[in-house]
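Asks: This structure is in structure tokens; I'll ask about it shortly.
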Amino acid sequence: MIGLETLKLKLERIPVVSGSQAARISLLSLVLSFIIFSIFLSIEGANPVDAYTNIFSFAFDPNLGLPTTLHRGLFLLLSTLAFIVPYSARLWNVGMEGQFYLGTIGAFAVAYSLPTLHPALLIPLMLLSGALFGAGYGALAGYLRGKLNVNEVVGCLMLNNIAFWLVYLLTVGGPWAGIAESTSRPLPPNAHAPIIFYTPFTSYLAVGIAAVLHVFLSKSVLGYKIRVLGNSPTAAQHVGINAPRTYILVMTIGGAIAGLSGYHMWAGDPAFLMIPRPEAYKAIGDLTYWGLIIGLVCLLNSLATVPLSIFIGSIMTGSTVLVRRLRLPFGLDVLFLGLVSITFAAFQFFYMYRIRRMK
Amino acid sequence: MGHKDMDGKVEGGETILEVRGLTKIYPGGVVALDNVDLEFKSGEIHAILGENGAGKTTLMNILFGVLQPDRGEIYMYGRRVRFRSPLEAINMGIGMVHQLRKLIPAHTVLENIILGHPKAGRILDFKKMRREVEELCGKYGFRIDLDARVWQLSAGEQQLVEIIRALYRGAKILILDEPTSVLTPLETEAFLNSLKTMSKQDIALVPFVTHKLPEVFAISDRVTILRRGKVVKRLETKDATMKALAEYMVGKEVLFALSKPKVNIGGEILKVENLSAMNDKGLPAIRDVSFTIREGEIFGIAGVSGNGQQELAEVLAGLRRAESGRIIFMGKDITNAPVLERLKMGVGYIPSERLGVGVIGVFSLVENILMSLYFDKEFVNRGLLNYKKIREYAEKVVSEFEVVAPSINTKAAHLSGGNLQRLILSRVIPRTSKLLIANLPTTGLDIAATEYVRKRLLDCKEKGMGVLLISDDLDEVLQLSDRIAPIYEGRFVSIIPAEEAKKEVVGAMMTGAYSGR
Amino acid sequence: MWPFIARSLEVTTILLIAAIGELLNQRSGVINVGIEGLMLLGAAAAFITASIWGLIPAFIIGMMIGGLFGLVHAILSTSLKVNQVVSGMGIWLFAMGFVTYWADRYSGPLPRGVVSPRIYELSPMFFIALIIVVVIWLILFKTHLGLKIKSVGENPFAAEVSGVKVIRTRYLCTIIGGMLAGLAGAFLSTTYLGAWSHLPTKGLGWIAFALVMFSLWRPMILLGGALTFGFIWQFAISPETIYAGIPAPLPILRMLPFIATIAVLITISREKFRRKWALSKPEALGEPYIKE
């Protein structure tokens with residue numbers, strides 16, 4: 001149906017795309033998303049330049065949006081890293097939402113049980129617990145895929161929904177319910193994340209994890225095995241790499257990282273410090289899906305995901321300004337992310353083909 | 001116009017298809033076909049012979065409407081035609097029987113035959129079409145179960161389905177791509193008979209063959225040899241000899257004999273006892289196989305692909321479970337030992353599939369070679385890869401095995417077929433100390449690459465390794481091996497020392513003549 | 001009791017329409033993981049249209065939006081050879097963002113009077129869904145078109161040499177699959193829920209996707225699956241209509257459909273079923289068709 005012949009063009013297959021070329025394509029897709037986003041802004045009656053100035057000046061102002069920008073951005077970073085590790089083995093970890101919820105449960109369980117423990121002990125324990133709960137949930141999805149051959153995308157999605165209701169069970173009229181009966185009790189003060197330079201310490205932890213993962217995937221033996229498996233499970237089998245075990249491992253690591261985001265999200269933002277109403281915590285849970293897009297756009301490069309995550313965080317924060325000051329509708333930030341998703345998917349084409357003129 | 005007849009005694013009726021001055025040049029200047037003139041007459045079997053790269057595939061694709069020629073004309077029944085798509089070719093009466101079956105395994109024979117037929121209409125009238133197909137089969141003497149699922153059929157039966165499909169679409173000329181490459185001699189005989197029947201019905205038959213020279217003699221009336229896109233010779237088959245054909249194909253004297261080095265055979269490396277295993281469909285693939293391989297020995301398994309060789313290689317490499325029996329390697333029972341353990345013990349496996357299995361296209365040469373190094377402590381430092389050492393090693397083996405590439409950082413997907421195999425050899429062989437399993441190592445390679453691979457296998461033998469050679473090229477097995485086991489339906493018919501092996505005997509064994517059923 | 005059954009048949013309708021569409025495109029070899037997204041888009045478009053112009057235009061617009069994005073998926077995955085899962089995910093995530101931005105401002109119930117006609121409390125869409133399933137069954141198993149579709153899903157190269165237009169067939173099936181997903185979404189927002197809220201599909205699209213997998217790609221088994229899961233879903237929402245005094249709290253019940261899905265997925269992955277499943281699966285499912 002796409003009659004390329006009629007346009008005197010033809011497709012030429014590229015055997016393999018170079019790193020710099022791939023990066024250029026990714027950047028191009030981002031730029032295109034911006035252009036389309038600008039069109040939407042204009043439709044809503046706003047001047048794009050005006051809007052962007054508002055967004056970024058708010059988002060990066062230390063007294064205004066910077067803390068939120070960094071906080072949300074690094075939350076996204078954790079989701080992205082949680083996606084990247086399994087995807088290096090070509091597993092689609094779309095279970096970050098569920099792993100985030102489980103991480104929340106793990107961290108909060110510790111906080112409620114040991115509220116008077118010294119922060120230097122309590123907080124690491126909460127982090128550990130959150131990571132373990134997330135890891136367990138990831139391992140579950142990994143087991144479903146690795147040993148039982150259940151499609152991991154559907155499996156993760158099911159687990160996400162189950163996890164949502166688990167949090168609901170605990171908070172809405174449940175054992176953790178607060179006075180409002182639909183949110184949880186507040187976190188004990190010892191559990192609050194210390195803020196360093198406008199952002200909770202977990203933000204720095206996240207960046208540290210990104211650096212570690214970068215080394216891990218590119219230079220370690222295990223990272224290499226994961227990449228072989230991701231590129232060709234058959235080749236991997238031929239050289240002695242155990243697929244089921246590796247699948248479970250990557251999902252566990254991914255789950256652990258997403259689990260950490262549970263503590264970071266709620267204990268790291270002074271505006272929360274508890275689990276909010278279901279609509280609110282679901283809205284945050286939905287944010288984890290953007291980790292997928294950020295990870296793919298960055299071509300699985302852990303280091304590149306840091307700036308992009310923060311950038312997306314700034315758009316999220318800044319768009320609240322657009323709602324307030326410029327009276328634009330809600331949801332522009334997720335619209336932008338949606339646009340990036342679809343343009344990136346479309347640009348995949350350029351990783352495989354060149355368009356040449358026919359003679 | 002056409003070709004000169006050798007002595008006026010040419011069989012065949014009217015000229016169905018003729019090509020004149022056919023030329024095809026690929027972007028980059030590669031001349032695939034250069035001014036080719038050919039004529040195909042009804043009732044005649046006219047074989048086209050040529051190596052990989054001689055232009056056979058291009059010619060076939062043009063005749064079947066997949067490619068367009070740059071110059072030249074095609075005539076059907078004397079009228080100038082152009083096939084812009086396979087559909088147009090089919091509608092004009094050209095039928096093609098592909099080497100890689102283009103059938104739907106999950107569907108029945110009847111469904112495959114009627115798929116896409118213009119007269120099938122919207123709602124399928126199975127009864128009517130069944131009757132028509134049955135009539136057709138009767139006319140040519142074909143026997144086939146129309147309700148069988150194609151995946152249940154043998155290679156020969158599947159080929160028959162493709163033939164019937166083409167004939168049911170009204171093909172007057174059948175192009176056959178490597179028709180006997182996966183057939184047993186029994187099936188080849190049946191196939192030859194059906195060819196003869198079709199010729200009698202005035203169908204023109206054009207088999208395209210690469211290197212199964214014996215088949216050319218068995219099936220054709222006349223043969224045309226292509227080399228580098230040009231027609232170099234036209235012969236009547238009865239006037240040709242194997243040696244002459246090979247020379248025309250390759251362009252120089254071909255030595256059919258390789259000098260095998262004299263090596264002392266040492267102790268036992270591998271002992272296989274009563275091994276049995278299943279294939280992917282759950283049917284027995286290897287039945288009660290027993291043999292040994294010793295140091296310095298090449299043990300060759302001769303047989304037509306599909307008789308259990310692939311499964312045997314996989315069981316030995318650790319990729320497939322053994323249902324019963326034992327595998328003893330260097331005195332240790334490794335029957336169900338994991339792959340990694342075998343690799344560490346000195347087993348090396350060269351898989352039959354190159355891109356995607358033997359090498360990963362998007363990985364560089366280094367990263368590919370690393371696949372056989374990653375578990376060796378020498379290249380690993382506290383869980384991290386020692387890239388300096390790895391690169392040094394890679395440079396060494398790449399030059400030793402003459403892998404042609406700009407650098408060790410070149411991605412493997414950019415390599416040609418012969419180079420890919422060299423890369424695989426460079427990865428596997430230096431890391432193999434005891435037993436090398438070579439599965440179809442020269443399939444699809446050109447003559448130079450093939451010779452190189454065979455030389456390397458002999459090298460391994462000289463170094464005192466045991467080599468298990470699996471090949472569908474009987475000449476290759478006979479030349480290289482010290483002992484030969486013809487395999488048929490998963491069983492070793494016999495194990496014969498090379499000096500005693502006679503080609504016709506081995507050939508007969510691997511095709512069921514001695515199976516005693 | 002009857003109102004409960006009527007409501008669960010409504011869920012069945014949603015699942016059935018979305019799943020049969022996906023079954024069709026999977027039979028042609030195209031996997032569309034974006035069904036949830038297409039349903040969202042159809043739901044949003046239909047809801048907004050219904051508020052202004054009424055139900056019938058709403059269903060039509062919902063179908064068209066679904067078809068439009070089905071076309072996008074077809075272009076990306078069939079013509080541009082983009083990985084089908086990436087393409088589907090891209091569309092789903094786009095839908096999540098776009099629908100939130102576009103429709104959340106209309107949160108709330110439909111205007112009064114915009115209500116589906118009902119036959120004994122059952123919406124006619126249920127019967128339409130059944131008709132669609134039967135029609136697709138007939139097409140797949142009794143017509144030449146169906147044979148062509150199935151052949152494209154099994155071995156597009158073989159189909160091509162038999163004269164089947166592979167690209168055209170895949171486009172057709174993907175667009176129809178999209179239209180049906182959009183229709184399912186339209187029905188969800190306008191009839192089943194009658195109101196808009198944030199991302200109203202709540203995972204139903206994913207259950208429909210899973211249903212296609214366990215149906216062994218056969219419409220009749222799919223019907224059975226849709227009936228079962230429609231019941232489970234509605235039961236999870238209002239169990240007291242069947243059995244008063246269920247001891248389990250609401251959230252646990254709401255988890256049931258998802259747990260059930262995992263359970264079925266595990267069952268069909270067991271050795272016993274695996275062979276049957278592998279044999280039923282369209283062999284070329286998910287693979288891009290690249291002409292040699």
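Ordering of the structure tokens sets the chain letters (A, B, ...); residue numbers start at 1 within each chain; ligands are numbered from 1 in the order shown.
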Please find the residues of chain B near chain C - the criterion being any atom within 8 Å, counting only C-alpha atoms - and write them as a list in words.
Replies: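 The contacting residues on chain B are Pro86, Leu87, Arg101, Lys102, Leu103, Ile104, Pro105, Ala106, Glu111, Leu115, Gly116, His117, Ala120, Gly121, Arg122, Ile123 and Leu124 of chain B.
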Asks: Using only C-alpha atoms, find which residues of chain C lie within 6 Å of chain A and jot them down as a PyMOL selection string.
Replies: chain C and resi 80+82+87+90-91+93-94+97-98+100-101+251+255+258
Asks: Do you have, as a tab-separated table, the list of residues of chain B lying at most 7 Å from chain A, each with its nearest atom pair and that distance in Å to one decimal, counting only C-alpha atoms and ordered by chain then number?
Replies:
residue	atom	partner	partner_atom	distance
B:Leu319	CA	A:His238	CA	6.9
B:Val339	CA	A:Gly240	CA	4.8
B:Leu340	CA	A:Gly240	CA	4.3
B:Gly356	CA	A:Ser232	CA	6.3
B:Val357	CA	A:Ala235	CA	4.3
B:Gly358	CA	A:Ala235	CA	6.3
B:Ile360	CA	A:Ser232	CA	6.9
B:Val362	CA	A:Val16	CA	6.1
B:Met371	CA	A:Val239	CA	6.4
B:Ser372	CA	A:Val239	CA	6.6
B:Tyr374	CA	A:Val221	CA	6.4
B:Gly383	CA	A:Ser220	CA	5.7
B:Leu384	CA	A:Ser220	CA	4.1
B:Leu385	CA	A:Ser220	CA	5.5
B:Ala413	CA	A:Pro15	CA	6.1
B:His414	CA	A:Pro15	CA	6.9
Asks: So the first atom is atom CA of B:Cys460 and the second is atom CA of B:Leu373; what is the distance between them in Å, to one decimal place?
Replies: 19.4 Å
Asks: For C:Thr12, which of C:Lys276, C:Pro257, C:Phe229, C:Pro239 is the closest residue, counting only C-alpha atoms?
Replies: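 That would be C:Phe229, the residue with the smallest distance to C:Thr12.
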Asks: Here is a test: counting only C-alpha atoms, which residue of C:Pro3, C:Gly185, C:Gly70, C:Gly21 is nearest to C:Met39?
Replies: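 Going through C:Pro3, C:Gly185, C:Gly70, C:Gly21 one by one, the smallest distance to C:Met39 is for C:Gly185.
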Asks: Can you list, as a list in words, every protein, DNA or RNA residue that comes within 10 Å of B:Asp459 when you count only C-alpha atoms, leaving out same-chain residues fewer than 4 positions away?
Replies: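 Neighbouring residues, sequence-local ones excluded: Lys260, Pro261, Gly296, Val453, Arg454, Lys455, Lys463, Gly464 and Met465 of chain B.
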Asks: Tell me, as a list in words, which residues lie within 8 Å of B:Val161, counting only C-alpha atoms; anything in the same chain fewer than 5 positions away does not count.
Replies: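 Here the qualifying residues turn out to be Val109, Asn112 and Ile113 of chain B.
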Asks: Keeping N, CA and C atoms for every residue in the selection just given, could you write it to a file as a CSV table (one decimal), in the first residue's frame?
Replies:
chain,number,residue,atom,x,y,z
B,109,VAL,N,-2.7,-30.6,2.6
B,109,VAL,CA,-2.2,-30.6,1.3
B,109,VAL,C,-3.2,-29.9,0.3
B,112,ASN,N,-3.2,-26.2,0.7
B,112,ASN,CA,-2.0,-25.6,0.1
B,112,ASN,C,-2.1,-25.5,-1.4
B,113,ILE,N,-2.7,-26.5,-2.0
B,113,ILE,CA,-2.7,-26.6,-3.4
B,113,ILE,C,-3.7,-25.5,-3.9
Asks: Figure out the distance between atom CA of A:Leu30 and atom CA of A:Asn93, please, to one decimal in Å.
Replies: 22.8 Å
